[in-house]
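Listing of final_32.csv, CSV, C-alpha atoms
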chain,number,residue,atom,x,y,z
A,8,MET,CA,-7.1,-21.8,11.0
A,9,ALA,CA,-4.2,-19.3,10.8
A,10,PRO,CA,-4.3,-17.0,7.7
A,11,ALA,CA,-0.8,-18.0,6.8
A,12,LEU,CA,-1.6,-21.7,7.0
A,13,GLN,CA,-4.8,-21.2,5.1
A,14,GLY,CA,-2.9,-19.4,2.3
A,15,LEU,CA,-0.3,-22.1,2.2
A,16,LEU,CA,-3.0,-24.8,2.1
A,17,THR,CA,-4.7,-23.0,-0.8
A,18,ILE,CA,-1.5,-22.9,-2.8
A,19,VAL,CA,-0.8,-26.5,-2.2
A,20,ILE,CA,-4.4,-27.5,-3.1
A,21,GLY,CA,-4.3,-25.3,-6.2
A,22,ILE,CA,-0.9,-26.7,-7.5
A,23,GLY,CA,-2.0,-30.2,-6.7
A,24,ALA,CA,-5.2,-29.8,-8.6
A,25,CYS,CA,-3.4,-28.4,-11.6
A,26,VAL,CA,-0.9,-31.3,-11.6
A,27,ALA,CA,-3.7,-33.8,-11.2
A,28,TYR,CA,-5.7,-32.2,-14.0
A,29,PHE,CA,-2.8,-32.2,-16.5
A,30,PHE,CA,-1.7,-35.8,-15.5
A,31,GLY,CA,-5.3,-37.1,-15.6
A,32,SER,CA,-6.3,-35.4,-18.8
A,33,ASN,CA,-3.2,-36.7,-20.7
A,34,LEU,CA,-3.8,-40.2,-19.2
A,35,LEU,CA,-7.4,-40.1,-20.4
A,36,LEU,CA,-6.4,-38.9,-23.8
A,37,ASP,CA,-3.8,-41.7,-24.2
A,38,THR,CA,-6.5,-44.2,-23.1
A,39,LEU,CA,-9.1,-42.9,-25.6
A,40,PHE,CA,-6.5,-42.7,-28.4
A,41,PRO,CA,-3.8,-45.2,-27.6
A,42,PRO,CA,-0.5,-44.6,-29.4
A,43,ARG,CA,-0.1,-48.3,-30.3
A,44,GLY,CA,-1.8,-50.9,-32.4
A,45,PRO,CA,-3.0,-50.8,-36.0
A,46,LYS,CA,-4.4,-47.2,-35.6
A,47,ALA,CA,-1.4,-45.8,-33.7
A,48,GLY,CA,-0.6,-43.1,-36.4
A,49,ARG,CA,-4.2,-41.9,-36.6
A,50,ASN,CA,-4.7,-41.9,-32.8
A,51,THR,CA,-1.4,-40.0,-32.3
A,52,ASN,CA,-2.5,-37.3,-34.8
A,53,ILE,CA,-5.9,-36.9,-33.1
A,54,ALA,CA,-4.3,-36.8,-29.7
A,55,ASN,CA,-1.9,-34.1,-30.9
A,56,LEU,CA,-4.8,-32.0,-32.1
A,57,ILE,CA,-6.6,-32.3,-28.8
A,58,ARG,CA,-3.7,-32.0,-26.3
A,59,PRO,CA,-3.0,-28.3,-26.7
A,60,TRP,CA,-6.7,-27.6,-25.9
A,61,LEU,CA,-6.3,-29.6,-22.7
A,62,PHE,CA,-3.6,-27.3,-21.6
A,63,LEU,CA,-5.5,-24.2,-22.7
A,64,PHE,CA,-8.8,-25.3,-21.0
A,65,PRO,CA,-8.0,-24.1,-17.5
A,66,ALA,CA,-7.0,-20.6,-18.8
A,67,LEU,CA,-10.1,-20.5,-21.1
A,68,PHE,CA,-12.3,-21.6,-18.3
A,69,ALA,CA,-10.9,-18.9,-15.9
A,70,LEU,CA,-11.3,-16.2,-18.6
A,71,GLY,CA,-14.8,-17.3,-19.3
A,72,LEU,CA,-15.8,-17.4,-15.6
A,73,TYR,CA,-14.0,-14.2,-14.5
A,74,LEU,CA,-14.2,-12.1,-17.6
A,75,MET,CA,-16.8,-13.2,-20.2
A,76,TYR,CA,-19.5,-14.1,-17.7
A,77,PRO,CA,-19.4,-10.8,-15.9
A,78,VAL,CA,-19.5,-8.9,-19.2
A,79,VAL,CA,-22.5,-10.8,-20.4
A,80,GLU,CA,-24.3,-10.5,-17.0
A,81,THR,CA,-23.6,-6.8,-16.9
A,82,MET,CA,-25.0,-6.4,-20.4
A,83,ARG,CA,-28.1,-8.3,-19.3
A,84,LEU,CA,-28.6,-6.2,-16.2
A,85,SER,CA,-28.2,-3.0,-18.2
A,86,LEU,CA,-31.3,-4.0,-20.2
A,87,THR,CA,-33.4,-4.9,-17.2
A,88,SER,CA,-34.9,-3.3,-14.1
A,89,ARG,CA,-35.4,-4.7,-10.6
A,90,ILE,CA,-38.9,-5.3,-9.5
A,91,PRO,CA,-39.6,-4.2,-5.9
A,92,GLY,CA,-40.9,-7.6,-5.0
A,93,GLY,CA,-37.9,-9.4,-6.4
A,94,GLY,CA,-36.7,-10.4,-9.8
A,95,TYR,CA,-36.1,-8.4,-13.0
A,96,GLU,CA,-38.2,-7.1,-15.9
A,97,TRP,CA,-36.9,-6.5,-19.4
A,98,VAL,CA,-36.8,-2.8,-20.2
A,99,GLY,CA,-34.5,-2.7,-23.3
A,100,LEU,CA,-32.6,0.5,-23.7
A,101,ALA,CA,-34.7,2.4,-21.1
A,102,ASN,CA,-31.8,2.5,-18.6
A,103,TYR,CA,-29.5,4.0,-21.2
A,104,ALA,CA,-32.1,6.6,-22.1
A,105,GLN,CA,-32.6,7.5,-18.5
A,106,MET,CA,-28.8,7.6,-17.9
A,107,VAL,CA,-28.1,10.1,-20.7
A,108,GLN,CA,-30.8,12.4,-19.3
A,109,GLU,CA,-29.0,12.8,-16.0
A,110,PRO,CA,-26.7,15.8,-15.6
A,111,LYS,CA,-24.4,13.8,-13.3
A,112,PHE,CA,-23.7,11.4,-16.2
A,113,TRP,CA,-22.7,14.2,-18.5
A,114,GLU,CA,-20.6,15.8,-15.7
A,115,ALA,CA,-18.8,12.4,-15.4
A,116,MET,CA,-18.3,12.2,-19.2
A,117,GLY,CA,-17.0,15.7,-19.3
A,118,ASN,CA,-14.6,15.2,-16.4
A,119,ASN,CA,-13.3,11.9,-17.9
A,120,LEU,CA,-12.6,13.7,-21.2
A,121,LEU,CA,-10.7,16.4,-19.3
A,122,TRP,CA,-8.7,13.7,-17.5
A,123,LEU,CA,-8.0,12.1,-20.9
A,124,LEU,CA,-6.7,15.4,-22.3
A,125,VAL,CA,-4.4,16.1,-19.4
A,126,VAL,CA,-3.2,13.1,-17.5
A,127,PRO,CA,-1.8,10.7,-20.2
A,128,GLY,CA,0.0,13.5,-22.0
A,129,MET,CA,1.5,15.1,-18.8
A,130,ALA,CA,2.5,11.7,-17.2
A,131,THR,CA,4.2,10.6,-20.5
A,132,ILE,CA,6.0,14.0,-20.9
A,133,PHE,CA,7.2,14.0,-17.3
A,134,GLY,CA,8.2,10.3,-17.5
A,135,LEU,CA,10.1,11.0,-20.8
A,136,LEU,CA,11.9,14.0,-19.3
A,137,ALA,CA,12.8,12.1,-16.1
A,138,ALA,CA,14.1,9.2,-18.2
A,139,GLN,CA,16.3,11.5,-20.3
A,140,LEU,CA,17.6,13.6,-17.4
A,141,THR,CA,18.3,10.8,-14.9
A,142,ASP,CA,20.4,9.0,-17.5
A,143,ARG,CA,22.7,12.0,-17.7
A,144,ILE,CA,23.6,12.4,-14.0
A,145,GLY,CA,25.7,10.2,-11.8
A,146,TRP,CA,23.1,9.6,-9.1
A,147,GLY,CA,20.4,8.8,-11.7
A,148,SER,CA,19.6,5.4,-10.3
A,149,ILE,CA,18.7,7.1,-6.9
A,150,ALA,CA,16.6,9.7,-8.7
A,151,LYS,CA,14.8,7.0,-10.6
A,152,SER,CA,14.0,5.1,-7.4
A,153,ILE,CA,12.6,8.2,-5.8
A,154,ILE,CA,10.4,9.1,-8.9
A,155,PHE,CA,9.2,5.4,-9.2
A,156,MET,CA,8.4,5.1,-5.5
A,157,PRO,CA,4.8,6.4,-5.8
A,158,MET,CA,4.1,3.4,-8.0
A,159,ALA,CA,4.4,1.2,-4.9
A,160,ILE,CA,1.6,3.2,-3.2
A,161,SER,CA,-2.0,2.2,-3.8
A,162,PHE,CA,-4.3,4.8,-5.4
A,163,VAL,CA,-6.2,5.1,-2.1
A,164,GLY,CA,-3.0,5.6,-0.2
A,165,ALA,CA,-1.8,8.2,-2.6
A,166,ALA,CA,-5.2,10.0,-2.4
A,167,VAL,CA,-4.9,10.1,1.4
A,168,ILE,CA,-1.4,11.6,1.2
A,169,TRP,CA,-2.5,14.3,-1.2
A,170,LYS,CA,-5.7,15.0,0.7
A,171,LEU,CA,-3.4,16.0,3.6
A,172,VAL,CA,-1.4,18.1,1.2
A,173,TYR,CA,-4.6,20.0,0.2
A,174,ASP,CA,-6.0,20.1,3.8
A,175,ALA,CA,-7.5,23.4,4.9
A,176,ARG,CA,-8.0,24.7,8.4
A,177,PRO,CA,-9.8,28.0,9.3
A,178,ALA,CA,-7.8,31.1,9.1
A,179,GLY,CA,-5.7,31.8,12.2
A,180,GLN,CA,-5.1,28.1,12.9
A,181,ASP,CA,-2.0,26.2,12.1
A,182,GLN,CA,-2.2,24.6,8.7
A,183,ILE,CA,-1.3,21.0,8.4
A,184,GLY,CA,-1.8,21.0,4.6
A,185,ILE,CA,1.5,21.7,2.9
A,186,LEU,CA,-0.1,23.8,0.2
A,187,ASN,CA,-2.1,26.0,2.5
A,188,ALA,CA,0.9,26.3,4.9
A,189,PHE,CA,2.9,27.7,2.0
A,190,VAL,CA,0.0,30.1,1.0
A,191,VAL,CA,-0.3,31.4,4.5
A,192,TRP,CA,3.5,31.8,4.8
A,193,LEU,CA,3.3,34.0,1.7
A,194,GLY,CA,0.6,36.1,3.4
A,195,GLY,CA,-2.5,34.6,1.7
A,196,GLU,CA,-5.6,33.0,3.1
A,197,PRO,CA,-6.1,29.2,3.3
A,198,GLU,CA,-8.2,27.7,0.5
A,199,THR,CA,-10.4,24.5,0.4
A,200,TRP,CA,-8.7,23.4,-2.8
A,201,LEU,CA,-10.9,20.4,-3.4
A,202,THR,CA,-14.1,22.4,-3.4
A,203,ILE,CA,-13.1,25.0,-6.1
A,204,PRO,CA,-15.2,24.2,-9.2
A,205,PHE,CA,-13.3,23.1,-12.3
A,206,TRP,CA,-9.8,23.6,-10.8
A,207,ASN,CA,-10.4,20.8,-8.2
A,208,ASN,CA,-10.3,18.3,-11.1
A,209,PHE,CA,-6.8,19.4,-11.9
A,210,PHE,CA,-5.8,19.0,-8.2
A,211,LEU,CA,-7.1,15.4,-8.4
A,212,MET,CA,-5.2,14.8,-11.7
A,213,VAL,CA,-1.9,15.8,-10.0
A,214,VAL,CA,-2.2,12.6,-7.9
A,215,LEU,CA,-2.4,10.3,-10.9
A,216,ILE,CA,0.3,12.1,-12.8
A,217,TRP,CA,2.5,11.8,-9.7
A,218,ILE,CA,1.9,8.0,-9.6
A,219,GLN,CA,2.1,7.3,-13.4
A,220,SER,CA,5.2,9.4,-14.2
A,221,GLY,CA,7.3,6.8,-12.5
A,222,PHE,CA,5.8,4.0,-14.7
A,223,ALA,CA,6.4,6.1,-17.8
A,224,MET,CA,9.9,6.9,-16.8
A,225,VAL,CA,10.9,3.2,-16.3
A,226,ILE,CA,9.5,2.1,-19.7
A,227,LEU,CA,10.8,5.0,-21.6
A,228,SER,CA,14.2,4.8,-20.0
A,229,ALA,CA,14.6,1.3,-21.2
A,230,ALA,CA,13.5,2.4,-24.7
A,231,LEU,CA,16.1,5.2,-24.7
A,232,ARG,CA,18.8,2.8,-23.6
A,233,GLY,CA,17.9,0.6,-26.6
A,234,ILE,CA,18.8,3.4,-29.1
A,235,PRO,CA,22.1,2.4,-30.9
A,236,GLU,CA,25.0,4.6,-29.7
A,237,GLU,CA,26.2,4.8,-33.3
A,238,THR,CA,23.1,6.8,-34.2
A,239,VAL,CA,23.7,9.4,-31.5
A,240,GLU,CA,27.4,9.6,-32.2
A,241,ALA,CA,26.8,10.2,-35.9
A,242,ALA,CA,24.4,13.0,-35.0
A,243,ILE,CA,27.0,14.6,-32.7
A,244,ILE,CA,29.6,14.4,-35.4
A,245,ASP,CA,27.2,16.1,-37.8
A,246,GLY,CA,26.9,19.0,-35.3
A,247,ALA,CA,23.6,18.3,-33.7
A,248,ASN,CA,23.1,19.9,-30.3
A,249,PRO,CA,21.5,18.0,-27.3
A,250,MET,CA,18.0,19.4,-28.0
A,251,GLN,CA,18.2,18.3,-31.6
A,252,ILE,CA,19.5,14.8,-30.6
A,253,PHE,CA,16.6,14.4,-28.2
A,254,PHE,CA,13.7,15.6,-30.3
A,255,LYS,CA,14.9,14.6,-33.8
A,256,ILE,CA,16.9,11.4,-33.1
A,257,LYS,CA,15.7,9.8,-29.8
A,258,VAL,CA,12.0,10.6,-29.7
A,259,PRO,CA,11.2,9.4,-33.2
A,260,GLN,CA,13.0,6.1,-32.5
A,261,ILE,CA,10.9,5.4,-29.4
A,262,ARG,CA,7.6,6.7,-30.8
A,263,SER,CA,6.0,3.3,-30.6
A,264,THR,CA,7.0,2.9,-26.9
A,265,ILE,CA,5.7,6.4,-26.2
A,266,MET,CA,2.3,5.5,-27.7
A,267,VAL,CA,2.2,2.3,-25.6
A,268,VAL,CA,2.8,4.2,-22.4
A,269,TRP,CA,0.3,6.9,-23.4
A,270,THR,CA,-2.5,4.4,-24.2
A,271,THR,CA,-1.8,2.4,-21.1
A,272,ILE,CA,-2.2,5.5,-18.9
A,273,THR,CA,-5.3,6.4,-21.0
A,274,VAL,CA,-7.0,3.1,-20.0
A,275,ILE,CA,-6.2,3.8,-16.4
A,276,VAL,CA,-7.7,7.2,-16.7
A,277,LEU,CA,-10.9,5.9,-18.2
A,278,LYS,CA,-11.3,3.5,-15.2
A,279,ILE,CA,-10.2,6.0,-12.6
A,280,PHE,CA,-12.2,5.6,-9.4
A,281,ASP,CA,-10.1,5.3,-6.2
A,282,ILE,CA,-8.6,8.8,-6.2
A,283,VAL,CA,-11.9,10.6,-6.8
A,284,PHE,CA,-13.8,8.4,-4.4
A,285,ALA,CA,-11.2,8.9,-1.6
A,286,MET,CA,-10.7,12.6,-2.0
A,287,THR,CA,-14.1,14.1,-3.1
A,288,ASN,CA,-16.5,11.2,-3.7
A,289,GLY,CA,-17.5,13.0,-6.9
A,290,GLN,CA,-18.7,16.1,-5.1
A,291,TRP,CA,-18.1,19.7,-6.2
A,292,GLY,CA,-18.2,18.9,-9.9
A,293,THR,CA,-15.5,16.1,-9.8
A,294,GLN,CA,-17.7,13.1,-10.8
A,295,VAL,CA,-16.2,10.6,-13.1
A,296,LEU,CA,-17.7,7.5,-14.8
A,297,ALA,CA,-16.4,4.9,-12.5
A,298,ASN,CA,-17.6,6.8,-9.4
A,299,TYR,CA,-20.9,7.4,-11.1
A,300,MET,CA,-21.2,3.7,-11.7
A,301,TYR,CA,-20.4,3.0,-8.0
A,302,ASP,CA,-23.0,5.5,-6.8
A,303,LYS,CA,-25.7,3.9,-9.0
A,304,LEU,CA,-24.8,0.3,-8.1
A,305,PHE,CA,-24.1,0.5,-4.4
A,306,VAL,CA,-25.6,3.7,-3.1
A,307,ALA,CA,-28.8,4.2,-5.1
A,308,ARG,CA,-29.1,0.4,-5.7
A,309,ASP,CA,-30.0,1.0,-9.3
A,310,TRP,CA,-28.5,-2.0,-11.0
A,311,GLY,CA,-29.9,-1.2,-14.4
A,312,ILE,CA,-28.3,2.3,-14.8
A,313,GLY,CA,-25.2,1.2,-12.9
A,314,SER,CA,-24.7,-1.7,-15.3
A,315,ALA,CA,-25.4,0.6,-18.2
A,316,SER,CA,-22.6,3.0,-17.1
A,317,ALA,CA,-20.2,0.0,-16.7
A,318,ILE,CA,-20.9,-0.9,-20.3
A,319,VAL,CA,-20.2,2.7,-21.4
A,320,ILE,CA,-16.8,2.5,-19.7
A,321,MET,CA,-16.1,-0.9,-21.4
A,322,ILE,CA,-17.0,0.6,-24.8
A,323,LEU,CA,-14.7,3.5,-24.2
A,324,VAL,CA,-11.8,1.3,-23.1
A,325,LEU,CA,-12.2,-1.5,-25.8
A,326,PRO,CA,-10.9,0.4,-28.8
A,327,ILE,CA,-7.7,1.4,-27.0
A,328,LEU,CA,-7.1,-2.2,-25.9
A,329,VAL,CA,-7.7,-3.4,-29.4
A,330,TRP,CA,-5.2,-0.8,-30.8
A,331,ASN,CA,-2.6,-1.8,-28.2
A,332,VAL,CA,-2.9,-5.5,-29.1
A,333,ARG,CA,-2.7,-4.8,-32.8
A,334,ASN,CA,0.3,-2.5,-32.3
A,335,ALA,CA,2.1,-5.2,-30.1
A,336,ARG,CA,1.5,-7.8,-32.8
A,337,ARG,CA,2.8,-5.4,-35.5
A,338,GLU,CA,6.0,-4.8,-33.4
A,339,MET,CA,6.6,-8.5,-33.0
A,340,SER,CA,6.1,-9.4,-36.7
structure tokens encoding of this file:
Amino acid sequence: MAPALQGLLTIVIGIGACVAYFFGSNLLLDTLFPPRGPKAGRNTNIANLIRPWLFLFPALFALGLYLMYPVVETMRLSLTSRIPGGGYEWVGLANYAQMVQEPKFWEAMGNNLLWLLVVPGMATIFGLLAAQLTDRIGWGSIAKSIIFMPMAISFVGAAVIWKLVYDARPAGQDQIGILNAFVVWLGGEPETWLTIPFWNNFFLMVVLIWIQSGFAMVILSAALRGIPEETVEAAIIDGANPMQIFFKIKVPQIRSTIMVVWTTITVIVLKIFDIVFAMTNGQWGTQVLANYMYDKLFVARDWGIGSASAIVIMILVLPILVWNVRNARREMS
């Protein structure tokens, strides 16, 4: 069957199944609790209590199947070890104890911390500056489109692009990497940028900052446009200069939006995998937690430690997600 026809058939079957479910479940509910007869009022009240859960059931089932079950299964695997002959044995926290004794795990933790210190802040700052500056020029919409364009590229695609930027050829040969071509043009020697310890982490961070700055710009630009004009005009009348208006009037009023952007990028950083995997695969001191997890699960086939590292990532991400949800509820109340 042609892929397009297969996709169309899947959509039709999915929509048909949803319609049949909602129609059939409501019909069954009306049959069990008929809204007529001597108990019509009681039956209607019971049906009204049950009906919302019928509508929620598909979503709850999907969340349980695709979210809760993997979490529970990952936790179980992190507490077990595979037996060579097949099956699993309970080992408790032994996988976690072994994991924290491995230098690569602490390298990954340290690099993730470094990413957390640099990427969310820099992407948010660049996005905020781009949002402010593009609103002040006539061709701002074109500039915003160019800055936002990297968001349309996958992380792997962006990694391939920047790997070409950092590409290095032996001295004396033509350099196809833009960075080395510029260095050679200035009279320097080509460098294998991605193998330089410590600094290669920053070269990888540039890729994510390049991608996420467009996201930050769009969100923060909308927030800046939501600031009442009267507030800015009053500040101008009082003699405030553009820098004072920006830092003392605009930034405080969009502080909650800035925090949402910062925390969103922070979650992305904690789960970063694609860029590191495609550019260095964790070599030369660039290992991160998600890549460490991948190596354990699919290269070393160590399901116990791999699952334990996945739980560590989840534990690190969870507080930020909870904070985001609480902050969103506070904003809506």
Please provide the set of residues having any atom within 10 Å of segment 200-204 of chain A, restricted to only C-alpha atoms, with same-chain residues fewer than 3 positions apart removed, written as JSON, numbers by chain.
{"A": [170, 172, 173, 174, 175, 186, 187, 197, 207, 208, 209, 210, 211, 286, 287, 290, 291, 292, 293]}
Now that the selection is made, can you save its residues with C-alpha atoms as a CSV table (one decimal), in the frame of the given file?
chain,number,residue,atom,x,y,z
A,170,LYS,CA,-5.7,15.0,0.7
A,172,VAL,CA,-1.4,18.1,1.2
A,173,TYR,CA,-4.6,20.0,0.2
A,174,ASP,CA,-6.0,20.1,3.8
A,175,ALA,CA,-7.5,23.4,4.9
A,186,LEU,CA,-0.1,23.8,0.2
A,187,ASN,CA,-2.1,26.0,2.5
A,197,PRO,CA,-6.1,29.2,3.3
A,207,ASN,CA,-10.4,20.8,-8.2
A,208,ASN,CA,-10.3,18.3,-11.1
A,209,PHE,CA,-6.8,19.4,-11.9
A,210,PHE,CA,-5.8,19.0,-8.2
A,211,LEU,CA,-7.1,15.4,-8.4
A,286,MET,CA,-10.7,12.6,-2.0
A,287,THR,CA,-14.1,14.1,-3.1
A,290,GLN,CA,-18.7,16.1,-5.1
A,291,TRP,CA,-18.1,19.7,-6.2
A,292,GLY,CA,-18.2,18.9,-9.9
A,293,THR,CA,-15.5,16.1,-9.8
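The residue that comes closest to Trp217 of chain A, out of A:Ile149, A:Phe284, A:Met129, A:Lys303 and on the basis of all atoms listed in the file, is A:Met129.
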Near segment 112-117 of chain A, within 6 Å and counting all atoms listed in the file, which residues show up once chain neighbours fewer than 3 positions away are dropped, as a VMD selection string?
chain A and resid 109 120 294 to 296
Just the residues within 10 Å of Met156 of chain A, please, counting all atoms listed in the file, with nothing from its chain fewer than 4 positions along; format it as a ChimeraX atom specification.
/A:150-152,160,217-218,221-222
Give as an mmCIF file with C-alpha atoms, keeping the file's coordinate frame every residue, naming chains and numbers as the document does, that has an atom within 10 Å of (-20.9, 5.9, -9.3), counting only C-alpha atoms.
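That gives us result36.cif:
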data_model
loop_
_atom_site.group_PDB
_atom_site.id
_atom_site.type_symbol
_atom_site.label_atom_id
_atom_site.label_comp_id
_atom_site.auth_asym_id
_atom_site.auth_seq_id
_atom_site.Cartn_x
_atom_site.Cartn_y
_atom_site.Cartn_z
ATOM 1 C CA LYS A 111 -24.400 13.800 -13.300
ATOM 2 C CA PHE A 112 -23.700 11.400 -16.200
ATOM 3 C CA ALA A 115 -18.800 12.400 -15.400
ATOM 4 C CA PHE A 280 -12.200 5.600 -9.400
ATOM 5 C CA PHE A 284 -13.800 8.400 -4.400
ATOM 6 C CA ASN A 288 -16.500 11.200 -3.700
ATOM 7 C CA GLY A 289 -17.500 13.000 -6.900
ATOM 8 C CA GLN A 294 -17.700 13.100 -10.800
ATOM 9 C CA VAL A 295 -16.200 10.600 -13.100
ATOM 10 C CA LEU A 296 -17.700 7.500 -14.800
ATOM 11 C CA ALA A 297 -16.400 4.900 -12.500
ATOM 12 C CA ASN A 298 -17.600 6.800 -9.400
ATOM 13 C CA TYR A 299 -20.900 7.400 -11.100
ATOM 14 C CA MET A 300 -21.200 3.700 -11.700
ATOM 15 C CA TYR A 301 -20.400 3.000 -8.000
ATOM 16 C CA ASP A 302 -23.000 5.500 -6.800
ATOM 17 C CA LYS A 303 -25.700 3.900 -9.000
ATOM 18 C CA LEU A 304 -24.800 0.300 -8.100
ATOM 19 C CA PHE A 305 -24.100 0.500 -4.400
ATOM 20 C CA VAL A 306 -25.600 3.700 -3.100
ATOM 21 C CA ALA A 307 -28.800 4.200 -5.100
ATOM 22 C CA ILE A 312 -28.300 2.300 -14.800
ATOM 23 C CA GLY A 313 -25.200 1.200 -12.900
ATOM 24 C CA SER A 316 -22.600 3.000 -17.100
ATOM 25 C CA ALA A 317 -20.200 0.000 -16.700
#
Can you list, as a JSON list (two decimals) with C-alpha atoms, in the coordinates of the input, every protein, DNA or RNA residue that comes within 7 Å of Pro127 of chain A when you count only C-alpha atoms, leaving out same-chain residues fewer than 5 positions away?
[["chain", "number", "residue", "atom", "x", "y", "z"],
["A", 269, "TRP", "CA", 0.30, 6.90, -23.40],
["A", 272, "ILE", "CA", -2.20, 5.50, -18.90],
["A", 273, "THR", "CA", -5.30, 6.40, -21.00]]
Nearest to Gln139 of chain A, chosen from A:Tyr28, A:Phe62, A:Phe253, A:Tyr103, with only C-alpha atoms counted in the distances
A:Phe253
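Counting from atom CA of Leu325 of chain A, the distance to atom CA of Val276 of chain A is 13.4 Å.
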